[in-house]
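For reference, the structure discussed in these notes is given below.
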Amino acid sequence: MSTTSTISVIVNGQEFDRIVEVRLTLADFLREELDLTGTHLGCEHGVCGACTILFDGQAIRSCLMPAVQANGAEITTVEDLSSDGQLNSLQSAFRENHALQCGFCTPGMLNTATAFLKDNPHPTEEQVREAISGNICRCTDYVSIGNLVVQAGWSG
Amino acid sequence: MTQQYIGAPITRVEDFRFLTGQGKYLDDIKLPGMLHAAILRSNHGHARIKSIDTTAALALPGVAGVFTYGDIASIAKVIPVRVFEIPGLDRYLQVPLAEQKVRYVGEPVAMVVAVNRYVAEDALELIAVDYEPLPAVTDLKEALKDEVLLHEENGTNLAGSYELNTGDIDEAFRNAEYVRKEEFRTHRHTGNPLETRGLLADFDKESGELTVWGPTKVPHFNRAILANHLEISEENIHFIEPDVGGGFGIRGEFYPEDFLVPFASMQLGHPVKWSEDRMEHLISANHSREVVCEVELAAQKDGTILGMRANIYGDMGAYVRTHGCVVPALTAGMLTGPYRIPSYHADFNCVMTNKTGTGTYRAPGFYEACFIRERLLDMVAGDLGLDPAEIRRINLIQASEMPYTVGVTRIDGRMTVYDSGDYSSAFNRALEEIGYESIKGSSGPDEHGRYHGVGVASYVEPTGFGPYEGARIVATKDGLIEVYLGITTMGQGHETVMAQICADSLGVPMVQVRIFHGNTDYLPASIGTFGSRATVMAGSAIHLASQSLQAKMLSIAAGYMDTETTSLEFSNGRVTRKAAGENADELDVAQIVALAESGAEVDGDETPVEATEYFRVEEWTYAYGSHVAHVAVDPETGKLDVLRYVVVEDVGRCINPLTMHGQSVGGAVQGIGGTVLEELVYDESGQLVSGSFMDYLLPTSQDVPNIDSIILEEAPSPLNPLGVKGAGEGAILATGAALANAVADALSDLGVHITHLPLSPNNIRSWIRRSSGG
């Protein structure tokens, strides 16, 4: 069995064709091969959510998926959430609400919230609490994050 | 000093890079030719190493080196105690790789360095270690029997003991109308920052310079240890702190890997990076909080406390680490808390077990002491027919008694003196906020069958540990103010808070201020960031250096403007004449620097325009506050719902209400998680049972309530120029106490008696079963 495979993926709007080891995780592919280090690894067993990215528009954990499985997929990472050096409205809301401290969980939290708001543009607080419950933040109380996601939904 | 920034809820300057994925954490740094390390760790709680065969691992393509004890033996030294050393502890220190025995699951046995982490981990599996398993001891009371010895050469598992005494304890108990004795236990858990530990070392053979990225908290101290271990000069070692994903006491101490990774870089001539996974973190980074305490209280029947006696045991794990006896020592040191307890005696003991070594976790010893004391107070109140609030009101130290001398309860032999405070005011505020009078006594069951309870707890907490911290402030020709600090930061927001202090103390717009931190080249000496000291110590140093720099700039300006400095003022980044009309001359920072560079005299001291000051203090400043919890407990499932949680903290002076509030609510959530969900559980053979986030549960958005946080500034500290007290730990500190008191209140009709943590559903169920006799 071959230990490498060729994949073609679109990441942050750019197409990449790469030969990768079949055991390489998607997170390591993004971080090590493409140098997109905004995607963080907090547990590497699918619990903490820090590695969450947008995969064909869905929020998924990139530490649990082999890179080869991403062949043909369109991926967005935290580096592409905003453009022109400006924060998008969700990112601005994180800042205004002091919804981050060490910042390590923040990329995953942003991606989870982005995918959630796309499907639930006008959420309740309870829905938001459930939606972000798979992303562990070790610094904040989650309330600031939950509130801003609710606000971002209703104002966005 | 103008007041524009201190006290304002300013959004953080560091947020932009974190929100756009541009933060640079340790594992994000890449160097040309960089190799990756992986550590082989003991999978036995206690075993003798008969042999290690690394042949197959070394033969694996991509492997650059494999190191065992034999490879470091010629220079290997034990990792020393940094703080809280007492006699005896130095017999239980750890060398970076196990020599003849392993004493805990997770102990480093070998290190592989390879082209990438995948290959390095492959090679770990090819290392053959022949172990002879030995019986393990994981309970500290069992360990005290010395039937299984971890360090045979010492003949005992009791690493050290210490005694604290104030007043006349025998007389207090002789005179007491009432005495109550209990045994309490706090459970092993730890900080678990979301970013695991890691290190990157790059040794340049030609220049002899070693650069190390990653260590935080105490880089100057770690540099000194490393220089000693590697036998190179401190001046040749440069520690650089990247962005850091949380600290909480765990990160940045000198661990075995802090020797191994730089050592490997020196041996192999390549940069070497190590980034641990979560399982490694859980078995190898410091654990904390595991304390057993036998405590006895002497009081009068009206509730007046006369004295307290305690025998405290701290579970140290298998080796004494850099924190020494900090957890049992601070449990003992702060057990009397914010109450008037005239006589106090405590013995504390450090006990070795076959578990991971221990150190601090946010509010070390304070969390434990608060749980023990506040739980005991509720029991005493119950015996004496007093409301829990009443017994506290009777015994809280009053504002009129400040500064209040407790006695010598510090192991450095200094007096414990509470510098300022109105403890009753904070306590009453917490009770008002939750509506204590209206919810007490509503124990239930409610319509869901849940029993309600309310629990209160008060604390006082030493912060701002000395002896010094420094700041170097430089005015640049671009008109910027660059602040160089020795302290490090782990996500608290120091780049914002320190800039606020500088801007106000110097008199410049905050946008002109740049904060640089976490690099041993910035200042020759620094203590570091821990124990809620950064804002107190470095903030005060910034204040002093800002004043010196302002004086210097005024002097340069006075020379140029041909006047006295007393007739000038510095504000909003400009020097102006006090009595000037419109169109008067003025100088900004860039112009003053240009004058200095052109040779203007400054009291005989020419360019550059900068000032360095160290703020020195030996006394600790004491923050304080109260927590109140309203809970509901389902007696069928043991599930605990926290309905409301109020935290009142007095921090002397609040620099930034936004980040302060963040510390407060985040700390409380961490404490609720630690009290209810988290536990590092070992089996009898020394295996960690809760070694992943599937088993070691951190609080999520669905586990915690909204926290009501109230920040008070009623009692500024007289010990520093800003009046600040530390602010990072108060909100976690009393969570164990308040929640346990609330659950005990809820289940009082069922006869439940709570002396242990955590308040997990299985524990609560077992307490209910036991009290109901089935």
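Chains: A, B, ... in order of the structure tokens. Residues: from 1 per chain. Ligands: from 1, in order shown.
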
Notebook entry, point to check: Among range 9-152 of chain A, which ones does DSSP place in helix (DSSP H, G or I), written as a VMD selection string?
Noted result: chain A and resid 26 to 33 67 to 70 78 to 80 89 to 96 106 to 119 125 to 131 143 to 152

Note to self: Excluding Leu335 in chain B and its own-chain neighbours fewer than 6 positions away, which residues fall within 7 Å of it when counting only C-alpha atoms? Please give them as an MDAnalysis selection string.
What the structure shows: chainID B and resid 369:370 373

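Nearest-residue note for chain B: choosing from A:Arg18, A:His45, A:Arg61, A:Lys118, the minimum distance belongs to A:His45, counting only C-alpha atoms.
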
Per residue of chain A within 7 Å of chain B, record the nearest atom pair and its distance in Å to one decimal, counting only C-alpha atoms, with rows in chain order and ascending residue number, as a Markdown table.
```
| residue | atom | partner | partner_atom | distance |
| --- | --- | --- | --- | --- |
| A:Thr37 | CA | B:Asp28 | CA | 5.6 |
| A:Gly38 | CA | B:Gly21 | CA | 3.9 |
| A:Gly42 | CA | B:Leu194 | CA | 5.3 |
| A:Cys43 | CA | B:Arg278 | CA | 4.9 |
| A:Glu44 | CA | B:Asp277 | CA | 7.0 |
| A:Val47 | CA | B:Phe693 | CA | 6.3 |
| A:Val78 | CA | B:Gly21 | CA | 5.5 |
| A:Glu79 | CA | B:Gly21 | CA | 5.2 |
| A:Gln91 | CA | B:Leu19 | CA | 6.1 |
| A:Arg95 | CA | B:Asp15 | CA | 6.3 |
| A:Glu96 | CA | B:Thr11 | CA | 6.3 |
| A:His98 | CA | B:Leu658 | CA | 6.8 |
| A:Gln101 | CA | B:Gly491 | CA | 5.1 |
| A:Cys102 | CA | B:Gly491 | CA | 3.6 |
| A:Gly103 | CA | B:Phe18 | CA | 5.3 |
| A:Phe104 | CA | B:Gly245 | CA | 5.1 |
| A:Thr106 | CA | B:Leu19 | CA | 6.6 |
| A:Pro107 | CA | B:Gly21 | CA | 6.5 |
| A:Arg129 | CA | B:Ser701 | CA | 5.5 |
| A:Glu130 | CA | B:Gln702 | CA | 6.5 |
| A:Ile132 | CA | B:Ser701 | CA | 6.6 |
| A:Ser133 | CA | B:Ser701 | CA | 5.0 |
| A:Ile136 | CA | B:Thr700 | CA | 5.8 |
| A:Arg138 | CA | B:Leu194 | CA | 6.2 |
| A:Cys139 | CA | B:Gly666 | CA | 5.2 |
| A:Thr140 | CA | B:Gly666 | CA | 4.1 |
| A:Asp141 | CA | B:Gly666 | CA | 4.6 |
| A:Tyr142 | CA | B:Ser701 | CA | 5.5 |
| A:Val143 | CA | B:Asn706 | CA | 6.4 |
```

Item checked: Exercise: range 402-414 of chain B partners within 9 Å, only C-alpha atoms, chain neighbours under 5 positions left out, as a ChimeraX atom specification -> /B:84-86,162-167,329-330,332-334,336,340-342,397,419-422,619

Next item on the list: Could you check which of B:Val646, B:Leu554, B:Val609, B:Ala426 is closest to Arg472 in chain B, using only C-alpha atoms?
Entry: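 Looking only at the distances to Arg472 in chain B, the closest residue turns out to be B:Val609.
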
From the DSSP assignment of the backbone, select every residue of range 2-139 of chain A that is strand (DSSP E or B), and format the answer as a PDB file with N, CA and C atoms, in the first residue's frame.
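File written: selection-v5.pdb
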```
ATOM      1  N   THR A   4       1.917   7.392   0.375  1.00  0.00           N
ATOM      2  CA  THR A   4       1.623   8.779   0.015  1.00  0.00           C
ATOM      3  C   THR A   4       0.463   8.820  -0.974  1.00  0.00           C
ATOM      4  N   SER A   5      -0.096   9.983  -1.108  1.00  0.00           N
ATOM      5  CA  SER A   5      -1.213  10.157  -2.016  1.00  0.00           C
ATOM      6  C   SER A   5      -1.213  11.610  -2.507  1.00  0.00           C
ATOM      7  N   THR A   6      -1.739  11.818  -3.683  1.00  0.00           N
ATOM      8  CA  THR A   6      -1.812  13.174  -4.216  1.00  0.00           C
ATOM      9  C   THR A   6      -3.187  13.750  -3.923  1.00  0.00           C
ATOM     10  N   ILE A   7      -3.196  14.959  -3.398  1.00  0.00           N
ATOM     11  CA  ILE A   7      -4.488  15.599  -3.140  1.00  0.00           C
ATOM     12  C   ILE A   7      -4.531  16.965  -3.805  1.00  0.00           C
ATOM     13  N   SER A   8      -5.765  17.347  -4.099  1.00  0.00           N
ATOM     14  CA  SER A   8      -6.005  18.677  -4.640  1.00  0.00           C
ATOM     15  C   SER A   8      -7.069  19.342  -3.766  1.00  0.00           C
ATOM     16  N   VAL A   9      -6.706  20.445  -3.145  1.00  0.00           N
ATOM     17  CA  VAL A   9      -7.660  21.133  -2.267  1.00  0.00           C
ATOM     18  C   VAL A   9      -7.628  22.633  -2.545  1.00  0.00           C
ATOM     19  N   ILE A  10      -8.767  23.239  -2.271  1.00  0.00           N
ATOM     20  CA  ILE A  10      -8.801  24.707  -2.323  1.00  0.00           C
ATOM     21  C   ILE A  10      -8.804  25.202  -0.885  1.00  0.00           C
ATOM     22  N   VAL A  11      -7.795  25.946  -0.546  1.00  0.00           N
ATOM     23  CA  VAL A  11      -7.697  26.480   0.818  1.00  0.00           C
ATOM     24  C   VAL A  11      -7.662  28.001   0.744  1.00  0.00           C
ATOM     25  N   GLN A  14      -7.406  29.418  -2.696  1.00  0.00           N
ATOM     26  CA  GLN A  14      -6.267  29.089  -3.553  1.00  0.00           C
ATOM     27  C   GLN A  14      -6.162  27.578  -3.708  1.00  0.00           C
ATOM     28  N   GLU A  15      -5.872  27.111  -4.919  1.00  0.00           N
ATOM     29  CA  GLU A  15      -5.804  25.660  -5.147  1.00  0.00           C
ATOM     30  C   GLU A  15      -4.399  25.138  -4.866  1.00  0.00           C
ATOM     31  N   PHE A  16      -4.345  24.015  -4.171  1.00  0.00           N
ATOM     32  CA  PHE A  16      -3.063  23.376  -3.873  1.00  0.00           C
ATOM     33  C   PHE A  16      -3.106  21.925  -4.329  1.00  0.00           C
ATOM     34  N   ASP A  17      -2.089  21.491  -5.070  1.00  0.00           N
ATOM     35  CA  ASP A  17      -1.914  20.081  -5.416  1.00  0.00           C
ATOM     36  C   ASP A  17      -0.656  19.608  -4.700  1.00  0.00           C
ATOM     37  N   ARG A  18      -0.822  18.631  -3.833  1.00  0.00           N
ATOM     38  CA  ARG A  18       0.311  18.202  -3.009  1.00  0.00           C
ATOM     39  C   ARG A  18       0.336  16.683  -2.868  1.00  0.00           C
ATOM     40  N   ILE A  19       1.553  16.160  -2.738  1.00  0.00           N
ATOM     41  CA  ILE A  19       1.724  14.755  -2.379  1.00  0.00           C
ATOM     42  C   ILE A  19       1.878  14.722  -0.864  1.00  0.00           C
ATOM     43  N   VAL A  20       1.011  13.971  -0.217  1.00  0.00           N
ATOM     44  CA  VAL A  20       1.065  13.931   1.251  1.00  0.00           C
ATOM     45  C   VAL A  20       1.135  12.492   1.742  1.00  0.00           C
ATOM     46  N   GLU A  21       1.710  12.318   2.908  1.00  0.00           N
ATOM     47  CA  GLU A  21       1.642  11.007   3.563  1.00  0.00           C
ATOM     48  C   GLU A  21       0.194  10.730   3.918  1.00  0.00           C
ATOM     49  N   THR A  25      -2.386  14.308   9.241  1.00  0.00           N
ATOM     50  CA  THR A  25      -3.712  14.863   9.539  1.00  0.00           C
ATOM     51  C   THR A  25      -3.926  16.152   8.742  1.00  0.00           C
ATOM     52  N   THR A  52     -10.846  23.603  14.772  1.00  0.00           N
ATOM     53  CA  THR A  52     -12.024  23.655  13.896  1.00  0.00           C
ATOM     54  C   THR A  52     -11.785  24.570  12.690  1.00  0.00           C
ATOM     55  N   ILE A  53     -12.100  24.043  11.515  1.00  0.00           N
ATOM     56  CA  ILE A  53     -12.004  24.805  10.266  1.00  0.00           C
ATOM     57  C   ILE A  53     -13.328  24.690   9.520  1.00  0.00           C
ATOM     58  N   LEU A  54     -13.444  25.438   8.449  1.00  0.00           N
ATOM     59  CA  LEU A  54     -14.633  25.310   7.592  1.00  0.00           C
ATOM     60  C   LEU A  54     -14.279  24.419   6.407  1.00  0.00           C
ATOM     61  N   PHE A  55     -15.005  23.321   6.261  1.00  0.00           N
ATOM     62  CA  PHE A  55     -14.736  22.296   5.261  1.00  0.00           C
ATOM     63  C   PHE A  55     -15.991  22.185   4.408  1.00  0.00           C
ATOM     64  N   GLN A  58     -18.867  23.532   6.288  1.00  0.00           N
ATOM     65  CA  GLN A  58     -19.205  22.934   7.583  1.00  0.00           C
ATOM     66  C   GLN A  58     -18.027  23.075   8.541  1.00  0.00           C
ATOM     67  N   ALA A  59     -18.354  23.273   9.832  1.00  0.00           N
ATOM     68  CA  ALA A  59     -17.292  23.326  10.838  1.00  0.00           C
ATOM     69  C   ALA A  59     -16.875  21.902  11.193  1.00  0.00           C
ATOM     70  N   ILE A  60     -15.593  21.574  10.972  1.00  0.00           N
ATOM     71  CA  ILE A  60     -15.106  20.234  11.318  1.00  0.00           C
ATOM     72  C   ILE A  60     -13.780  20.350  12.074  1.00  0.00           C
ATOM     73  N   ARG A  61     -13.426  19.247  12.718  1.00  0.00           N
ATOM     74  CA  ARG A  61     -12.168  19.200  13.482  1.00  0.00           C
ATOM     75  C   ARG A  61     -11.045  18.677  12.612  1.00  0.00           C
ATOM     76  N   PRO A  66      -7.748  12.759   8.148  1.00  0.00           N
ATOM     77  CA  PRO A  66      -6.516  12.679   7.358  1.00  0.00           C
ATOM     78  C   PRO A  66      -6.574  13.691   6.205  1.00  0.00           C
ATOM     79  N   GLU A  74     -13.180  22.238  -0.328  1.00  0.00           N
ATOM     80  CA  GLU A  74     -12.887  23.664  -0.236  1.00  0.00           C
ATOM     81  C   GLU A  74     -12.833  24.030   1.244  1.00  0.00           C
ATOM     82  N   ILE A  75     -11.704  24.547   1.637  1.00  0.00           N
ATOM     83  CA  ILE A  75     -11.428  24.778   3.067  1.00  0.00           C
ATOM     84  C   ILE A  75     -11.208  26.262   3.334  1.00  0.00           C
ATOM     85  N   THR A  76     -11.780  26.708   4.459  1.00  0.00           N
ATOM     86  CA  THR A  76     -11.480  28.069   4.924  1.00  0.00           C
ATOM     87  C   THR A  76     -10.898  27.986   6.330  1.00  0.00           C
TER      88      THR A  76
END
```

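Residue nearest Ala201 in chain B, chosen from B:Ile79, B:Met561, B:Leu31, B:Cys293 and counting only C-alpha atoms: B:Leu31.
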
Notebook entry, point to check: Using only C-alpha atoms, which residues sit within 8 Å of range 628-632 of chain B once same-chain residues fewer than 3 positions away are excluded, as number ranges by chain?
Noted result: B: 430-431, 434, 450-457, 640-647, 738-739, 742-743, 746
